[in-house]
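Content type compact mmCIF, C-alpha atoms, from the file target18.txt:
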# COMPACT_ATOMS: atom_id res chain seq x y z
CA MET J 4 108.11 -84.91 19.99
CA LEU J 5 110.18 -81.76 20.12
CA GLU J 6 111.31 -80.41 23.43
CA THR J 7 109.68 -77.12 24.33
CA ALA J 8 110.37 -74.15 26.54
CA ASP J 9 107.78 -73.38 29.19
CA ARG J 10 108.29 -69.70 29.87
CA SER J 11 106.81 -66.92 27.83
CA SER J 12 107.32 -63.23 27.21
CA SER J 13 104.09 -61.28 26.72
CA PHE J 14 102.48 -57.87 26.75
CA MET J 15 98.94 -56.72 27.43
CA ASN J 16 96.62 -55.70 24.65
CA SER J 17 94.91 -52.81 26.47
CA SER J 18 91.95 -52.57 24.11
CA GLU J 19 90.94 -56.21 24.59
CA GLY J 20 92.46 -56.98 27.96
CA ILE J 21 94.03 -60.09 26.48
CA CYS J 22 97.61 -61.17 27.05
CA GLU J 23 99.43 -61.39 23.72
CA ARG J 24 102.42 -63.73 23.50
CA ASP J 25 105.62 -63.18 21.59
CA VAL J 26 106.92 -66.58 20.53
CA PHE J 27 110.32 -67.13 18.89
CA VAL J 28 110.79 -70.07 16.52
CA PHE J 29 114.35 -70.88 15.43
CA VAL J 30 115.02 -72.93 12.28
CA HIS J 31 118.42 -74.51 11.65
CA GLY J 32 120.39 -74.60 8.43
CA MET J 33 121.82 -77.32 6.20
CA PHE J 34 122.91 -80.44 8.13
CA GLY J 35 121.51 -78.82 11.27
CA TRP J 36 119.08 -79.94 13.95
CA GLY J 37 116.60 -78.64 16.49
CA CYS J 38 115.77 -79.51 20.08
CA GLY J 39 113.91 -82.63 18.93
CA GLU J 40 117.13 -84.41 17.96
CA GLY J 41 119.19 -86.38 20.46
CA ILE J 42 122.42 -84.73 19.37
CA ASN J 43 121.13 -81.39 20.64
CA THR J 44 121.50 -82.57 24.25
CA HIS J 45 125.25 -82.85 23.81
CA ALA J 46 125.86 -80.36 20.99
CA PRO J 47 123.15 -77.69 20.72
CA TYR J 48 122.85 -76.22 17.25
CA TRP J 49 121.72 -72.85 18.59
CA GLY J 50 124.53 -71.67 20.84
CA ALA J 51 126.93 -74.43 19.75
CA THR J 52 130.17 -74.18 21.73
CA THR J 53 128.91 -71.16 23.71
CA GLY J 54 126.16 -73.19 25.38
CA ASP J 55 122.49 -73.90 24.77
CA LEU J 56 121.01 -70.65 23.46
CA MET J 57 117.42 -71.86 23.83
CA LYS J 58 117.96 -72.49 27.53
CA TYR J 59 119.68 -69.15 27.95
CA LEU J 60 116.85 -67.23 26.29
CA THR J 61 114.15 -69.26 28.06
CA ASP J 62 115.78 -68.54 31.42
CA ARG J 63 115.57 -64.85 30.54
CA GLY J 64 111.80 -65.15 30.15
CA TYR J 65 111.41 -65.59 26.40
CA GLU J 66 109.26 -68.32 24.86
CA CYS J 67 111.61 -69.99 22.39
CA TYR J 68 111.49 -73.16 20.32
CA ALA J 69 114.12 -74.72 18.07
CA ALA J 70 112.28 -76.65 15.35
CA SER J 71 113.65 -79.70 13.53
CA VAL J 72 113.14 -79.92 9.77
CA GLY J 73 114.78 -81.95 7.02
CA PRO J 74 118.45 -80.88 7.09
CA ILE J 75 118.93 -81.50 3.36
CA SER J 76 115.32 -81.06 2.21
CA SER J 77 113.90 -78.33 0.00
CA ALA J 78 112.52 -75.15 1.53
CA TRP J 79 109.01 -76.24 0.50
CA ASP J 80 109.24 -79.56 2.31
CA GLN J 81 110.80 -77.85 5.31
CA ALA J 82 108.00 -75.26 5.46
CA CYS J 83 105.39 -78.03 5.41
CA GLU J 84 107.22 -79.84 8.20
CA LEU J 85 107.50 -76.65 10.23
CA TYR J 86 103.75 -76.01 9.92
CA ALA J 87 102.89 -79.55 11.03
CA GLN J 88 105.18 -79.26 14.06
CA ILE J 89 103.86 -75.88 15.13
CA THR J 90 100.20 -76.89 14.80
CA GLY J 91 100.50 -80.54 15.85
CA GLN J 92 99.26 -82.49 12.82
CA ARG J 93 100.33 -84.75 9.99
CA ILE J 94 102.74 -83.31 7.42
CA ASP J 95 101.02 -82.55 4.12
CA TYR J 96 103.48 -81.72 1.33
CA GLY J 97 100.64 -80.97 -1.09
CA VAL J 98 99.12 -83.00 -3.91
CA VAL J 99 100.58 -80.93 -6.73
CA HIS J 100 104.02 -80.65 -5.18
CA SER J 101 104.33 -84.33 -4.27
CA ARG J 102 103.24 -85.43 -7.75
CA LYS J 103 105.68 -83.05 -9.39
CA PHE J 104 108.62 -84.40 -7.40
CA ASN J 105 107.45 -88.00 -7.18
CA HIS J 106 107.31 -88.43 -3.43
CA SER J 107 104.60 -89.19 -0.87
CA ARG J 108 102.06 -86.53 -0.12
CA TYR J 109 102.09 -87.18 3.62
CA GLY J 110 104.86 -87.43 6.18
CA ARG J 111 104.91 -88.12 9.89
CA GLU J 112 102.30 -86.93 12.35
CA TYR J 113 102.99 -84.64 15.32
CA THR J 114 100.50 -85.49 18.04
CA GLU J 115 101.19 -82.36 20.10
CA PRO J 116 101.62 -78.82 18.77
CA LEU J 117 104.98 -77.19 19.25
CA ILE J 118 103.13 -73.97 20.13
CA LYS J 119 99.89 -74.43 22.02
CA GLY J 120 97.15 -72.08 20.87
CA PHE J 121 98.80 -71.19 17.57
CA GLY J 122 96.20 -69.68 15.25
CA LYS J 123 93.71 -69.34 18.12
CA ASP J 124 95.25 -67.40 20.98
CA LYS J 125 96.81 -63.96 20.73
CA ILE J 126 100.18 -65.21 19.55
CA LYS J 127 102.68 -63.38 17.38
CA ILE J 128 105.45 -65.57 16.03
CA HIS J 129 108.94 -64.34 15.30
CA LEU J 130 110.70 -66.66 12.86
CA ILE J 131 114.51 -66.80 12.96
CA GLY J 132 116.38 -68.89 10.40
CA HIS J 133 120.09 -69.53 10.13
CA SER J 134 121.66 -70.25 6.74
CA TYR J 135 119.18 -72.24 4.62
CA GLY J 136 116.75 -72.08 7.54
CA GLY J 137 116.25 -68.47 6.46
CA VAL J 138 114.91 -69.65 3.10
CA CYS J 139 112.51 -71.95 4.95
CA VAL J 140 111.10 -69.21 7.19
CA LYS J 141 110.61 -66.70 4.37
CA LEU J 142 108.75 -69.31 2.29
CA PHE J 143 106.73 -70.35 5.36
CA THR J 144 105.72 -66.71 5.85
CA HIS J 145 104.72 -66.47 2.18
CA LEU J 146 102.56 -69.60 2.37
CA LEU J 147 100.79 -68.49 5.54
CA THR J 148 100.02 -65.17 3.86
CA ASN J 149 99.32 -66.12 0.24
CA GLY J 150 98.81 -69.85 0.37
CA ALA J 151 99.24 -72.11 -2.66
CA PRO J 152 96.06 -71.88 -4.79
CA GLU J 153 97.09 -74.82 -6.96
CA GLU J 154 97.13 -77.08 -3.89
CA ILE J 155 93.71 -75.90 -2.72
CA GLU J 156 92.24 -76.51 -6.17
CA ALA J 157 93.77 -79.97 -6.44
CA CYS J 158 91.86 -81.58 -3.56
CA ASP J 159 89.23 -81.02 -0.89
CA ASP J 160 91.44 -81.79 2.10
CA ALA J 161 94.52 -79.63 1.50
CA SER J 162 96.54 -78.40 4.46
CA GLN J 163 95.46 -75.06 5.89
CA LEU J 164 99.00 -73.89 5.24
CA PHE J 165 98.05 -73.69 1.57
CA ALA J 166 94.87 -71.68 2.26
CA GLY J 167 96.75 -68.47 3.05
CA GLY J 168 95.15 -65.49 4.73
CA ASN J 169 97.05 -65.98 7.98
CA GLU J 170 99.58 -63.17 7.77
CA ASP J 171 98.53 -61.92 11.20
CA TRP J 172 100.04 -65.04 12.80
CA ILE J 173 103.57 -63.86 11.93
CA LYS J 174 105.15 -60.77 13.46
CA SER J 175 108.64 -60.97 12.02
CA CYS J 176 110.92 -63.01 9.78
CA THR J 177 114.68 -62.83 10.44
CA THR J 178 117.46 -64.47 8.45
CA LEU J 179 121.07 -65.06 9.47
CA CYS J 180 123.77 -65.84 6.86
CA THR J 181 121.07 -66.93 4.41
CA PRO J 182 121.95 -67.58 0.74
CA HIS J 183 118.98 -65.59 -0.57
CA ASN J 184 120.53 -65.45 -4.03
CA GLY J 185 122.58 -68.62 -3.88
CA SER J 186 126.23 -69.11 -2.98
CA THR J 187 129.37 -69.24 -5.08
CA ALA J 188 130.37 -72.21 -2.92
CA TYR J 189 127.80 -74.10 -5.00
CA HIS J 190 129.52 -73.01 -8.21
CA TYR J 191 132.85 -74.15 -6.80
CA VAL J 192 131.40 -77.62 -6.17
CA ILE J 193 129.94 -77.75 -9.69
CA LYS J 194 133.10 -76.56 -11.45
CA LYS J 195 135.23 -79.03 -9.51
CA HIS J 196 132.80 -81.84 -10.47
CA LEU J 197 132.16 -82.61 -6.81
CA LYS J 198 128.36 -82.58 -6.84
CA PRO J 199 127.78 -86.23 -7.88
CA MET J 200 130.11 -87.48 -5.17
CA PHE J 201 128.69 -85.07 -2.61
CA LYS J 202 125.00 -85.80 -3.24
CA SER J 203 125.40 -89.57 -3.60
CA GLY J 204 127.44 -89.66 -0.40
CA VAL J 205 124.92 -87.59 1.53
CA THR J 206 121.96 -89.61 0.22
CA ALA J 207 123.63 -92.89 1.16
CA TRP J 208 124.59 -91.53 4.56
CA ALA J 209 121.04 -90.33 5.24
CA GLY J 210 119.57 -93.64 4.09
CA VAL J 211 121.85 -95.88 6.14
CA PHE J 212 121.73 -93.67 9.21
CA GLY J 213 117.98 -93.16 8.85
CA ARG J 214 117.36 -96.91 9.05
CA SER J 215 119.67 -97.50 12.01
CA PRO J 216 118.80 -97.62 15.74
CA LEU J 217 120.26 -94.10 16.00
CA ASN J 218 117.59 -92.61 13.74
CA GLY J 219 115.75 -90.01 15.81
CA LYS J 220 117.92 -90.72 18.83
CA LEU J 221 120.85 -88.78 17.40
CA VAL J 222 119.94 -87.08 14.12
CA ASP J 223 116.81 -87.37 11.95
CA PHE J 224 117.03 -86.63 8.20
CA HIS J 225 113.22 -86.37 7.75
CA LEU J 226 113.28 -87.96 4.28
CA GLU J 227 110.47 -90.48 4.71
CA GLN J 228 108.50 -88.79 1.90
CA PHE J 229 111.16 -90.10 -0.52
CA GLY J 230 111.42 -93.47 1.21
CA ILE J 231 115.06 -92.74 2.05
CA THR J 232 114.68 -92.76 5.83
CA GLU J 233 112.19 -94.25 8.25
CA ILE J 234 109.99 -92.38 10.67
CA PRO J 235 111.66 -92.85 14.08
CA GLY J 236 110.18 -95.91 15.78
CA GLU J 237 108.84 -97.41 12.55
CA LYS J 238 110.27 -100.07 10.24
CA ASN J 239 108.37 -99.67 6.99
CA ALA J 240 110.74 -97.99 4.53
CA PRO J 241 111.36 -99.75 1.20
CA LYS J 242 114.82 -100.95 0.26
CA LEU J 243 117.27 -98.08 0.02
CA SER J 244 118.60 -99.35 -3.32
CA LYS J 245 115.12 -98.84 -4.80
CA MET J 246 114.68 -95.32 -3.41
CA PHE J 247 118.20 -93.93 -3.80
CA LYS J 248 117.65 -92.54 -7.29
CA SER J 249 114.40 -90.78 -6.30
CA PHE J 250 116.22 -88.34 -4.05
CA TYR J 251 119.53 -88.24 -5.92
CA ASP J 252 117.83 -87.04 -9.12
CA THR J 253 115.32 -84.63 -7.58
CA ASN J 254 115.44 -80.84 -7.58
CA ASP J 255 113.27 -80.97 -4.46
CA SER J 256 116.34 -80.78 -2.23
CA ILE J 257 118.62 -78.23 -0.67
CA ASP J 258 121.47 -78.57 -3.17
CA TYR J 259 119.35 -77.27 -6.04
CA ALA J 260 118.07 -74.27 -4.11
CA ILE J 261 121.52 -72.95 -3.15
CA GLY J 262 122.44 -72.67 -6.81
CA PRO J 263 121.59 -69.46 -8.71
CA LYS J 264 118.73 -70.99 -10.70
CA GLY J 265 117.04 -72.61 -7.71
CA ALA J 266 117.49 -69.51 -5.52
CA ARG J 267 115.95 -67.34 -8.23
CA GLU J 268 112.94 -69.65 -8.55
CA ILE J 269 112.27 -69.36 -4.82
CA ASN J 270 112.69 -65.57 -4.88
CA ASP J 271 110.25 -65.33 -7.79
CA LEU J 272 107.72 -67.42 -5.88
CA ILE J 273 107.82 -65.45 -2.64
CA ASP J 274 105.87 -62.25 -2.10
CA ILE J 275 106.59 -59.88 0.78
CA SER J 276 103.86 -59.79 3.42
CA LYS J 277 103.03 -56.14 4.00
CA ASN J 278 102.41 -56.40 7.75
CA VAL J 279 105.37 -58.64 8.56
CA TYR J 280 108.73 -57.21 9.63
CA TYR J 281 111.71 -58.65 7.75
CA PHE J 282 115.31 -58.50 8.99
CA SER J 283 118.50 -59.89 7.48
CA TYR J 284 121.94 -60.31 9.03
CA ALA J 285 125.03 -60.98 6.92
CA PHE J 286 128.37 -62.01 8.43
CA ASP J 287 131.74 -61.27 6.83
CA SER J 288 134.94 -63.13 7.67
CA THR J 289 137.02 -61.40 4.99
CA GLU J 290 139.00 -58.19 4.67
CA LYS J 291 140.53 -56.46 1.69
CA VAL J 292 144.29 -56.22 2.16
CA LYS J 293 146.47 -54.54 -0.49
CA GLY J 294 143.66 -54.76 -3.01
CA LYS J 295 142.91 -58.44 -2.43
CA TYR J 296 140.30 -60.18 -0.25
CA LYS J 297 141.41 -62.69 2.33
CA THR J 298 139.77 -64.46 5.27
CA LYS J 299 140.76 -62.58 8.43
CA ASN J 300 137.86 -62.82 10.89
CA SER J 301 136.97 -66.52 11.08
CA ASP J 302 136.29 -68.30 14.38
CA PHE J 303 136.43 -71.75 12.77
CA PHE J 304 139.49 -72.71 10.71
CA LEU J 305 137.45 -74.76 8.21
CA MET J 306 135.43 -71.65 7.39
CA ALA J 307 138.70 -69.89 6.60
CA VAL J 308 139.58 -72.70 4.18
CA THR J 309 136.24 -72.61 2.38
CA GLY J 310 136.09 -68.81 2.47
CA ASN J 311 139.48 -68.48 0.80
CA ALA J 312 138.47 -71.10 -1.77
CA MET J 313 135.42 -68.99 -2.64
CA ILE J 314 137.69 -65.95 -3.07
CA ARG J 315 140.20 -67.83 -5.22
CA PHE J 316 137.34 -69.07 -7.40
CA GLY J 317 137.13 -65.42 -8.39
CA GLU J 318 134.86 -63.60 -10.78
CA TYR J 319 132.99 -65.53 -13.48
CA THR J 320 129.76 -65.87 -15.47
CA ASP J 321 127.41 -68.74 -14.72
CA ASP J 322 126.92 -70.97 -17.78
CA GLU J 323 123.34 -71.86 -16.91
CA THR J 324 121.86 -68.46 -16.08
CA GLY J 325 124.30 -66.04 -17.70
CA GLU J 326 124.58 -64.20 -14.40
CA THR J 327 127.90 -62.48 -13.73
CA PHE J 328 129.49 -62.86 -10.33
CA ASP J 329 131.81 -59.90 -9.95
CA GLU J 330 133.99 -58.50 -7.16
CA LYS J 331 131.04 -57.74 -4.88
CA TRP J 332 130.57 -61.50 -4.49
CA LEU J 333 134.05 -62.07 -3.04
CA PRO J 334 133.37 -61.06 0.61
CA ASN J 335 131.85 -64.07 2.37
CA ASP J 336 131.35 -65.81 5.71
CA GLY J 337 133.01 -69.03 4.63
CA LEU J 338 129.91 -70.50 2.99
CA VAL J 339 127.63 -67.66 1.93
CA ASN J 340 128.53 -64.47 0.07
CA VAL J 341 127.79 -61.27 1.97
CA THR J 342 125.87 -59.76 -0.95
CA SER J 343 123.61 -62.83 -1.09
CA ALA J 344 122.85 -62.71 2.65
CA LEU J 345 121.74 -59.06 2.60
CA TYR J 346 118.34 -59.50 0.92
CA PRO J 347 116.60 -61.51 -1.83
CA GLU J 348 117.20 -60.32 -5.35
CA ASN J 349 114.69 -57.65 -6.48
CA ALA J 350 112.95 -57.61 -3.08
CA PRO J 351 112.16 -54.25 -1.44
CA HIS J 352 114.86 -53.40 1.09
CA THR J 353 116.27 -50.61 3.20
CA ASP J 354 119.11 -50.15 5.66
CA TYR J 355 117.98 -50.79 9.22
CA ASP J 356 116.96 -47.66 11.13
CA GLU J 357 116.04 -48.34 14.74
CA GLN J 358 113.99 -45.14 14.81
CA ASN J 359 112.00 -46.12 11.73
CA ILE J 360 111.59 -49.90 11.44
CA LYS J 361 109.31 -50.72 8.53
CA SER J 362 107.13 -53.72 7.80
CA GLY J 363 106.69 -55.17 4.32
CA ILE J 364 110.33 -54.56 3.43
CA TRP J 365 113.68 -56.15 4.23
CA ASN J 366 115.42 -54.20 6.99
CA VAL J 367 119.08 -54.90 6.25
CA MET J 368 121.10 -54.99 9.46
CA PRO J 369 124.73 -53.81 9.63
CA VAL J 370 127.13 -56.52 8.45
CA GLN J 371 128.59 -58.47 11.38
CA LYS J 372 132.20 -59.60 11.68
CA GLY J 373 132.60 -63.35 11.83
CA ASP J 374 132.01 -66.53 9.88
CA HIS J 375 129.00 -68.69 9.09
CA GLY J 376 129.22 -70.45 12.45
CA THR J 377 129.78 -67.28 14.46
CA ALA J 378 126.10 -66.46 13.95
CA ILE J 379 125.08 -69.48 16.05
CA GLY J 380 127.97 -69.38 18.52
CA LEU J 381 130.29 -71.97 16.94
CA PHE J 382 133.76 -71.36 18.42
CA ALA J 383 132.63 -67.79 19.06
CA ASP J 384 132.86 -65.65 22.16
CA GLU J 385 130.12 -66.61 24.61
CA LEU J 386 129.45 -63.08 25.86
CA GLN J 387 129.34 -61.60 22.36
CA THR J 388 127.02 -64.37 21.14
CA ARG J 389 124.58 -63.82 23.97
CA LEU J 390 124.70 -60.04 23.64
CA PHE J 391 123.93 -60.43 19.93
CA TYR J 392 120.80 -62.45 20.63
CA ASP J 393 119.79 -60.37 23.63
CA LYS J 394 119.76 -57.30 21.42
CA MET J 395 117.95 -59.07 18.59
CA ILE J 396 115.21 -60.56 20.78
CA LYS J 397 114.71 -57.27 22.61
CA MET J 398 114.32 -55.46 19.28
CA LEU J 399 111.84 -58.02 17.95
CA SER J 400 109.83 -58.03 21.18
CA ALA J 401 109.37 -54.26 20.93
CA LEU J 402 107.77 -54.39 17.47
CA LYS J 403 104.18 -53.12 17.38
In structure tokens, how does this file's structure come out?
Amino acid sequence: MLETADRSSSFMNSSEGICERDVFVFVHGMFGWGCGEGINTHAPYWGATTGDLMKYLTDRGYECYAASVGPISSAWDQACELYAQITGQRIDYGVVHSRKFNHSRYGREYTEPLIKGFGKDKIKIHLIGHSYGGVCVKLFTHLLTNGAPEEIEACDDASQLFAGGNEDWIKSCTTLCTPHNGSTAYHYVIKKHLKPMFKSGVTAWAGVFGRSPLNGKLVDFHLEQFGITEIPGEKNAPKLSKMFKSFYDTNDSIDYAIGPKGAREINDLIDISKNVYYFSYAFDSTEKVKGKYKTKNSDFFLMAVTGNAMIRFGEYTDDETGETFDEKWLPNDGLVNVTSALYPENAPHTDYDEQNIKSGIWNVMPVQKGDHGTAIGLFADELQTRLFYDKMIKMLSALK
């Protein structure tokens, strides 16, 4: 089971005399991990080189949890996994969805809820997602609010996640460096013909690692629905050679959703929940010098390499969608374009105004200086990282 924090921040509902809890759930990005993975003990995802952010925030009196979802799974599968963890039940990916993508309907079972009393007590959850974790939390919010009618109609025992009507469980949804509209890094991989090598390598790595004694003790890929990995502690997965193609060929994975077509499909699916507060943070590691963009504010040298590659890739038109990627797409954080991290395409949005924070609309925060890893403290300044989250959590806690 996932490790949990045991301190909570709360305020009193004067009309009912009931203590209402603010709970903060953090969701990692691609290739990331939560507190449930063994690697987190030695290398925390949240806080990274600046120290364990969950411990820091918990010690300051906030109730915080870092969830673990499939690090290369689709946002849909991740949202289903997140719901099962939070509520303490078996993962249900949905009848319709699992048939469409040819994988098992059910995943592992969580015997204890990540958040005790969720859906029963006076709890308001604040979801915070980094990178692709932001896509997961916005889809999770949509499903809790609107459900998935096709899943409810398909069977009599569908997950309550698909029933909808639970918008009041979520207070806010915050994204950090999230590729809401895809990333030109994806186009770079496609144009350089690197995708087959990349996806086959990752699938093989996940399969071999996910059947080793280190599965769950170090990192867990959560791909048992495809038969790629085993559930930690179990030895029942079919031969990897038989299951390899099932995941390699699927669009039910993270690589599809960071492309323009996949990102657009997710944006078209998601509706804004009118009573939920939405916030987005973009980071920018580039500057325009003598009319040209160049990486100047990167804390991690590899992000400077990838960021400059995205700039050199330049302006172009996508062959599949016909979408033009012009100069506004050049500023980036090393992996995600600034313009993509600001807000989902065609979604209602406004610049953040601390005197007039609105629900049911994306409140776009001022662009931060730094790279994709700076947002989670990777090779960043410890004081600045903690001040960033102190300010964020204080702002979210004050929402009414």
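The protein and nucleic acid residues lying at most 12 Å from Glu326 in chain J are Asn184, Gly185, Thr187, His190, Gly262, Pro263, Lys264, Arg267, Glu318, Tyr319, Thr320, Asp321, Asp322 and Trp332 of chain J, with only C-alpha atoms considered and sequence neighbours fewer than 4 positions away removed.
Relative to CA of His183 in chain J, CA of Thr324 in chain J is found at 16.0 Å.
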Shell around Asp393 in chain J at 12 Å using all atoms listed in the file, local window under 6 positions removed, as a PDB file with C-alpha atoms, in the coordinates of the input:
ATOM      1  CA  LEU J  56     121.010 -70.650  23.460  1.00  0.00           C
ATOM      2  CA  MET J  57     117.420 -71.860  23.830  1.00  0.00           C
ATOM      3  CA  TYR J  59     119.680 -69.150  27.950  1.00  0.00           C
ATOM      4  CA  LEU J  60     116.850 -67.230  26.290  1.00  0.00           C
ATOM      5  CA  THR J  61     114.150 -69.260  28.060  1.00  0.00           C
ATOM      6  CA  ASP J  62     115.780 -68.540  31.420  1.00  0.00           C
ATOM      7  CA  ARG J  63     115.570 -64.850  30.540  1.00  0.00           C
ATOM      8  CA  GLY J  64     111.800 -65.150  30.150  1.00  0.00           C
ATOM      9  CA  TYR J  65     111.410 -65.590  26.400  1.00  0.00           C
ATOM     10  CA  LEU J 386     129.450 -63.080  25.860  1.00  0.00           C
ATOM     11  CA  GLN J 387     129.340 -61.600  22.360  1.00  0.00           C
ATOM     12  CA  LEU J 399     111.840 -58.020  17.950  1.00  0.00           C
ATOM     13  CA  SER J 400     109.830 -58.030  21.180  1.00  0.00           C
TER      14      SER J 400
END
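The two atoms in question, CA of Ala312 in chain J and CA of Thr298 in chain J, are spaced 9.8 Å apart.
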(request) Determine, counting all atoms listed in the file, which protein, DNA and RNA residues have an atom within 8 Å of an atom of range 91-99 of chain J; residues of the same chain fewer than 5 positions away are not included. Present the result as a count of residues only. (result) 22
(request) Please identify all polymer residues within 12 Å of Asn43 in chain J, counting all atoms listed in the file, omitting same-chain residues fewer than 5 positions from it, and present them as JSON, numbers by chain. (result) {"J": [5, 6, 31, 35, 36, 37, 38, 48, 49, 50, 51, 52, 54, 55, 56, 57, 58, 69, 70, 71, 219, 220, 221, 222, 223]}
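The interatomic distance for the pair CA of His352 in chain J and CA of Val30 in chain J works out to 22.5 Å.
The shortest atom-to-atom distance to Asp336 in chain J, with all atoms listed in the file taken into account, belongs to J:Ser288 out of J:Gln81, J:Thr232, J:Ser175, J:Ser288.
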(request) For each of J:Gly122, J:Gly132, J:Gly213, J:Gly294, take the minimum atom-to-atom distance to Gly168 in chain J, counting all atoms listed in the file, then give the residue where this is smallest. (result) J:Gly122
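Nearest residue to Val341 in chain J among J:Pro182, J:Gly325, J:Gly265, J:Pro152 is J:Pro182, counting all atoms listed in the file.
Nearest-residue note for Thr206 in chain J: choosing from J:Ile173, J:Ile257, J:Met368, J:Ile275, the minimum distance belongs to J:Ile257, counting all atoms listed in the file.
The shortest atom-to-atom distance to Pro241 in chain J, with only C-alpha atoms taken into account, belongs to J:Gln228 out of J:Asn105, J:Thr253, J:Thr90, J:Gln228.
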(message) Which residues are close to His375 in chain J, i.e. within 7 Å by all atoms listed in the file, leaving aside same-chain residues fewer than 3 positions away? Reply as an MDAnalysis selection string.
(response) chainID J and resid 180 286 336:338 378
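Considering the residues J:Pro235, J:Gly363, J:Gly136, J:Gly310 and counting all atoms listed in the file, Asn278 in chain J has its shortest atom-to-atom contact with J:Gly363.
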